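Enquirer: Here's a structure for you.
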Amino acid sequence: MAQELGQLPMGWLLTALIVIVVASGFSIGRIRAERYLIAGGQKFHSRGNYHGYYVAMWGFIPPLLVAGLYVLFAKPTALGLLSSELPEAFHTLSSAELQSYLESVANAAAMGGYSGSDLVFATVTGRYLELWGSLKGATLALMLAGAVLGIMYARRKVSPAFRARLRVERGAEAFLFLCAAIAIATTVGIVASLLYESLRFFAEVPFTDFLFGTRWNAQTSAEFGALPLFFGTFMIALIAMLVAAPVGLFSAIYLSEYASVRTRRYVKPLLEMLAGIPTVVYGFFALLVIAPAVRASALGINSFLIELGAANGPVLAAQPTSALAAGLVMGVMVIPFVSSLSDDVINAVPDSLRDGAFAMGATKSETIKQIILPAALPGIVASMLLAVSRAIGETMIVVMAAGQRARISFDPSTDLTTITVQIVALLTGETEFDSPKTLSAFALGLVLFVVTLIFNLIALRVVQRYRDKYE
C-alpha cells in the first residue's frame with residue numbers, strides 16, 4: 001500500500017485537497033452567516049461572502065504550510081531514513097558516493113520503480129518508495145487535520161458583529177506582502193549563494209589571477225584567467241548593439257513620427273515578433289546562413305588584399321563560426337527591446353512640445369532632434385541597457401555560432417566564447433560542487449551580476465541627470 005501511494009502524483013493530490021478544502025470552507029462560512037440573516041433581528045457588519053472568505057482562508061493556511069514543509073523536507077527526510085536503514089557495507093562509501101547512490105535510487109523511484117537485474121538496488125528502491133508513500137500519507141493526513149481545525153476555529157468566529165471584511169482584507173494584504181517578500185528573499189538568496197561559492201573559489205584561486213589572467217582552462221582545473229571570457233562577452237554584445245541600437249531607434253522614430261496609423265498597426269507587431277522567436281532558431285539561422293556568409297566574405301577580403309599587395313597572407317581568420325556571425329544575429333534578436341520601448345517613450349512625449357516647436361518654425365526633423373529625442377532620452381537609454389543586458393546573457397546563439405574557444409582576438413571572423421556559455425559548460429554533466437572547476441561558474445555568475453548592476457546604476461544616473469518634468 002505504501003509503495004503504491006509513493007508512486008502517486010503528489011502535486012495533483014495536494015492541489016486537489018487544497019481546492020476541496022477552500023471550497024468547503026467558503027460554503028461553510030457563508031451558510032452559517034446566511035442562517036443568522038434568516039433568523040433576523042441582528043445587523044451584520046460584513047456580507048456573507050466575506051465570512052465565507054474568512055473561513056476558507058483559515059482552511060487554506062494550515063494545508064499550505066504543511067505542503068510547504070513537504071516540498072522542502074520530504075525528500076531529504078526520506079533519503080535520511082533510507083540511509084539509516086542501509087547495511088554497514090554502504091557506509092564504507094564516501095559521502096559523495098553514497099549521496100550519488102541515494103540520488104540514483106530516488107530517480108529510479110520517480111520513474112515508477114526499478115525492474116533491472118540488480119536485486120539490492122531493486123530492494124533499496126522498493127524501500128524508498130515505501131518511505132516516500134508513508135511520508136505522503138502523513139502529509140495528506142496532516143493537511144486534512146489542519147484544514148478541519150482551521151475551518152472549525154473560523155466557523156466559531158462567524159457572527160453578526162464579527163468584522164470578517166477587515167480580517168479578509170488584512171489577510172489579502174499579508175498575502176501580497178508575502179509575495180513581495182518572496183521576490184526580495186529570492187534575490188537576496190541568489191546574491192548570497194553567489195557570494196558564498198565565489199568566496200570559496202577565491203580562497204583557492206587568487207582574485208587578480210581570475211580577473212586579469214589571459215588563459216582559461218577550467219575543465220581541467222588548471223587555469224582560471226577569465227579575461228578572454230569577458231572580452232568575448234563584451235565584443236559579441238558590442239557587435240549586437242551596433243546592429244540593434246540604430247535599427248531599433250530609427251524604427252521607433254519612424255513608427256512614432258512618420259508612419260501612418262495603418263502602417264504602424266502592421267509593422268510594430270511584426271517587429272515585436274522577433275522577440276518571440278526561440279533563441280535556438282536564431283542559433284540555427286546564424287550557424288547555417290550567417291556564419292558561412294561571414295566566412296565567405298572574410299575569405300574574399302583576404303584574397304582581395306593579397307591580390308592588391310596590401311598583405312602577404314590572410315588577414316582575417318575566416319573561421320566556420322565567428323563572433324561577427326553571433327553578434328549580427330543577436331543584434332536582430334534584441335531589436336524589439338530597443339524599438340518597442342523607444343517607440344512607447346517617444347509617444348509619451350507631450351504633444352504640446354511638438355506644437356510649440358512647429359509654432360517656432362522648426363521642421364519635422366529639427367523637432368525630432370532638438371525636442372523629442374532629448375525629452376525621451378531616459379527611456380531610450382533604458383531600452384538600450386535592457387538590450388545590452390539581454391545580449392550579455394544570451395547563450396544558445398553563442399554556443400552555435402560563435403564557438404567555445406576562450407581567447408582574446410579583435411578579429412570578428414574568429415571564434416570566441418562568453419561567460420554564459422562557460423557557466424553552462426562547467427555545470428553540465430557529473431560535477432563536484434567543491435572543486436575549483438565548478439566553483440568558477442559561481443564566480444563568473446557573480447561577475448555577470450555585478451556587470452548588470454553597473455548597467456542599472458548607469459541607467460538610473462542618466463535618468464536623474466536628463467529627466468525633464470512636464471506639467
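So you can find residues: chains in the C-alpha cells are A, B, ... in the order shown, residues in each start at 1, and ligands are numbered from 1 in order.
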Using only C-alpha atoms, determine which residues lie at most 9 Å from Phe231 of chain A, disregarding the query and same-chain residues fewer than 5 positions distant; provide the list as a list in words.

Expert: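 Counting only the stated atoms, we get Ala226, Ile236, Arg407, Ile408, Ser409, Leu416, Thr417 and Thr418 of chain A.
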
Enquirer: Given the selection you just returned, output its residues as a file containing N, CA, C and O atoms, formatted as a CSV table (one decimal), in the first residue's frame.

Expert:
chain,number,residue,atom,x,y,z
A,226,ALA,N,40.0,34.6,-16.5
A,226,ALA,CA,38.6,34.9,-17.2
A,226,ALA,C,38.6,36.0,-18.1
A,226,ALA,O,37.6,36.3,-18.7
A,236,ILE,N,31.0,40.5,-28.5
A,236,ILE,CA,29.7,40.0,-29.2
A,236,ILE,C,28.6,40.9,-28.8
A,236,ILE,O,27.7,41.2,-29.7
A,407,ARG,N,39.6,33.0,-26.0
A,407,ARG,CA,40.8,33.8,-26.4
A,407,ARG,C,40.5,35.2,-26.6
A,407,ARG,O,39.3,35.6,-26.7
A,408,ILE,N,41.5,36.0,-26.7
A,408,ILE,CA,41.4,37.5,-27.0
A,408,ILE,C,41.8,37.7,-28.4
A,408,ILE,O,43.0,37.5,-28.8
A,409,SER,N,40.9,38.2,-29.2
A,409,SER,CA,41.2,38.5,-30.6
A,409,SER,C,40.2,39.6,-31.1
A,409,SER,O,39.0,39.4,-30.9
A,416,LEU,N,34.9,32.9,-30.7
A,416,LEU,CA,35.1,33.3,-29.3
A,416,LEU,C,34.0,32.6,-28.4
A,416,LEU,O,33.1,32.0,-28.9
A,417,THR,N,34.1,32.8,-27.1
A,417,THR,CA,33.1,32.3,-26.2
A,417,THR,C,32.8,33.4,-25.2
A,417,THR,O,33.4,34.5,-25.2
A,418,THR,N,31.7,33.2,-24.4
A,418,THR,CA,31.2,34.2,-23.5
A,418,THR,C,31.1,33.5,-22.1
A,418,THR,O,31.3,32.4,-21.9

Enquirer: Write down as a count of residues only the residues belonging to segment 147-271 of chain A that are assigned helix (DSSP H, G or I) by DSSP computed on the backbone.

Expert: 102

Enquirer: Closest to Gln422 of chain A among A:Ile392, A:Leu229, A:Ile368, A:Val120, using only C-alpha atoms?

Expert: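 Of the candidates, the smallest distance to Gln422 of chain A is held by A:Leu229.
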
Enquirer: What's the separation between atom CA of Phe449 of chain A and atom CA of Val191 of chain A, in Å to one decimal place?

Expert: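 The value is 8.4 Å.
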
Enquirer: Using only C-alpha atoms, find the one residue out of A:Gly112, A:Pro336, A:Gly313, A:Pro228 that sits nearest to Met273 of chain A.

Expert: A:Pro336

Enquirer: Quick one: distance from atom CA of Leu64 of chain A to atom CA of Leu140 of chain A in Å, one decimal?

Expert: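 Between atom CA of Leu64 of chain A and atom CA of Leu140 of chain A the gap works out to 11.1 Å.
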
Enquirer: I want to know what sits within 9 Å of Phe455 of chain A, based on only C-alpha atoms, with residues of the same chain fewer than 2 positions away left out; could you give that as a count of residues only?

Expert: 12

Enquirer: At a cut-off of 7 Å, using only C-alpha atoms, what residues contact Tyr50 of chain A? Leave out same-chain residues fewer than 2 positions from it and give the result as a count of residues only.

Expert: 9

Enquirer: Excluding segment 18-25 of chain A and its own-chain neighbours fewer than 6 positions away, which residues fall within 9 Å of it when counting only C-alpha atoms? Please give them as a PyMOL selection string.

Expert: chain A and resi 52-60+63-64+143-144+147-148+151+154-155

Enquirer: Taking only C-alpha atoms into account, which of A:Gly356, A:Gly379, A:Pro160, A:Gly331 comes nearest Arg32 of chain A?

Expert: A:Pro160

Enquirer: One decimal, Å: what's the distance from atom CA of Gly133 of chain A over to atom CA of His91 of chain A, could you say?

Expert: 24.7 Å

Enquirer: Give me the residues near Ser339 of chain A as an mmCIF file with N, CA and C atoms, in the first residue's frame, where near means some atom within 8 Å (using only C-alpha atoms) and where sequence neighbours in that chain fewer than 2 positions away do not count.

Expert:
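Full text of selection_0.cif as output:
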data_model
loop_
_atom_site.group_PDB
_atom_site.id
_atom_site.type_symbol
_atom_site.label_atom_id
_atom_site.label_comp_id
_atom_site.auth_asym_id
_atom_site.auth_seq_id
_atom_site.Cartn_x
_atom_site.Cartn_y
_atom_site.Cartn_z
ATOM 1 N N VAL A 247 19.149 50.455 -35.732
ATOM 2 C CA VAL A 247 17.948 49.918 -36.386
ATOM 3 C C VAL A 247 16.735 50.076 -35.477
ATOM 4 N N GLY A 248 16.881 49.722 -34.210
ATOM 5 C CA GLY A 248 15.757 49.822 -33.287
ATOM 6 C C GLY A 248 15.319 51.252 -33.053
ATOM 7 N N LEU A 249 16.290 52.170 -32.858
ATOM 8 C CA LEU A 249 15.940 53.561 -32.597
ATOM 9 C C LEU A 249 15.309 54.220 -33.823
ATOM 10 N N PHE A 250 15.889 54.011 -35.002
ATOM 11 C CA PHE A 250 15.323 54.624 -36.208
ATOM 12 C C PHE A 250 13.947 54.028 -36.522
ATOM 13 N N SER A 251 13.768 52.744 -36.234
ATOM 14 C CA SER A 251 12.446 52.146 -36.417
ATOM 15 C C SER A 251 11.427 52.804 -35.499
ATOM 16 N N ALA A 252 11.827 53.047 -34.248
ATOM 17 C CA ALA A 252 10.914 53.695 -33.303
ATOM 18 C C ALA A 252 10.571 55.110 -33.747
ATOM 19 N N LEU A 271 7.696 43.682 -35.900
ATOM 20 C CA LEU A 271 8.971 43.877 -35.208
ATOM 21 C C LEU A 271 8.997 43.153 -33.870
ATOM 22 N N ILE A 335 16.559 43.739 -31.360
ATOM 23 C CA ILE A 335 15.963 44.943 -31.944
ATOM 24 C C ILE A 335 14.627 45.289 -31.282
ATOM 25 N N PRO A 336 13.721 44.323 -31.031
ATOM 26 C CA PRO A 336 12.435 44.692 -30.405
ATOM 27 C C PRO A 336 12.588 45.342 -29.037
ATOM 28 N N PHE A 337 13.637 44.976 -28.276
ATOM 29 C CA PHE A 337 13.824 45.589 -26.967
ATOM 30 C C PHE A 337 14.079 47.084 -27.107
ATOM 31 N N LEU A 341 10.333 49.725 -26.765
ATOM 32 C CA LEU A 341 10.388 50.630 -25.614
ATOM 33 C C LEU A 341 10.638 52.064 -26.050
ATOM 34 N N SER A 342 11.518 52.262 -27.038
ATOM 35 C CA SER A 342 11.772 53.622 -27.515
ATOM 36 C C SER A 342 10.528 54.219 -28.154
ATOM 37 N N ASP A 343 9.787 53.416 -28.892
ATOM 38 C CA ASP A 343 8.547 53.897 -29.500
ATOM 39 C C ASP A 343 7.548 54.333 -28.436
#
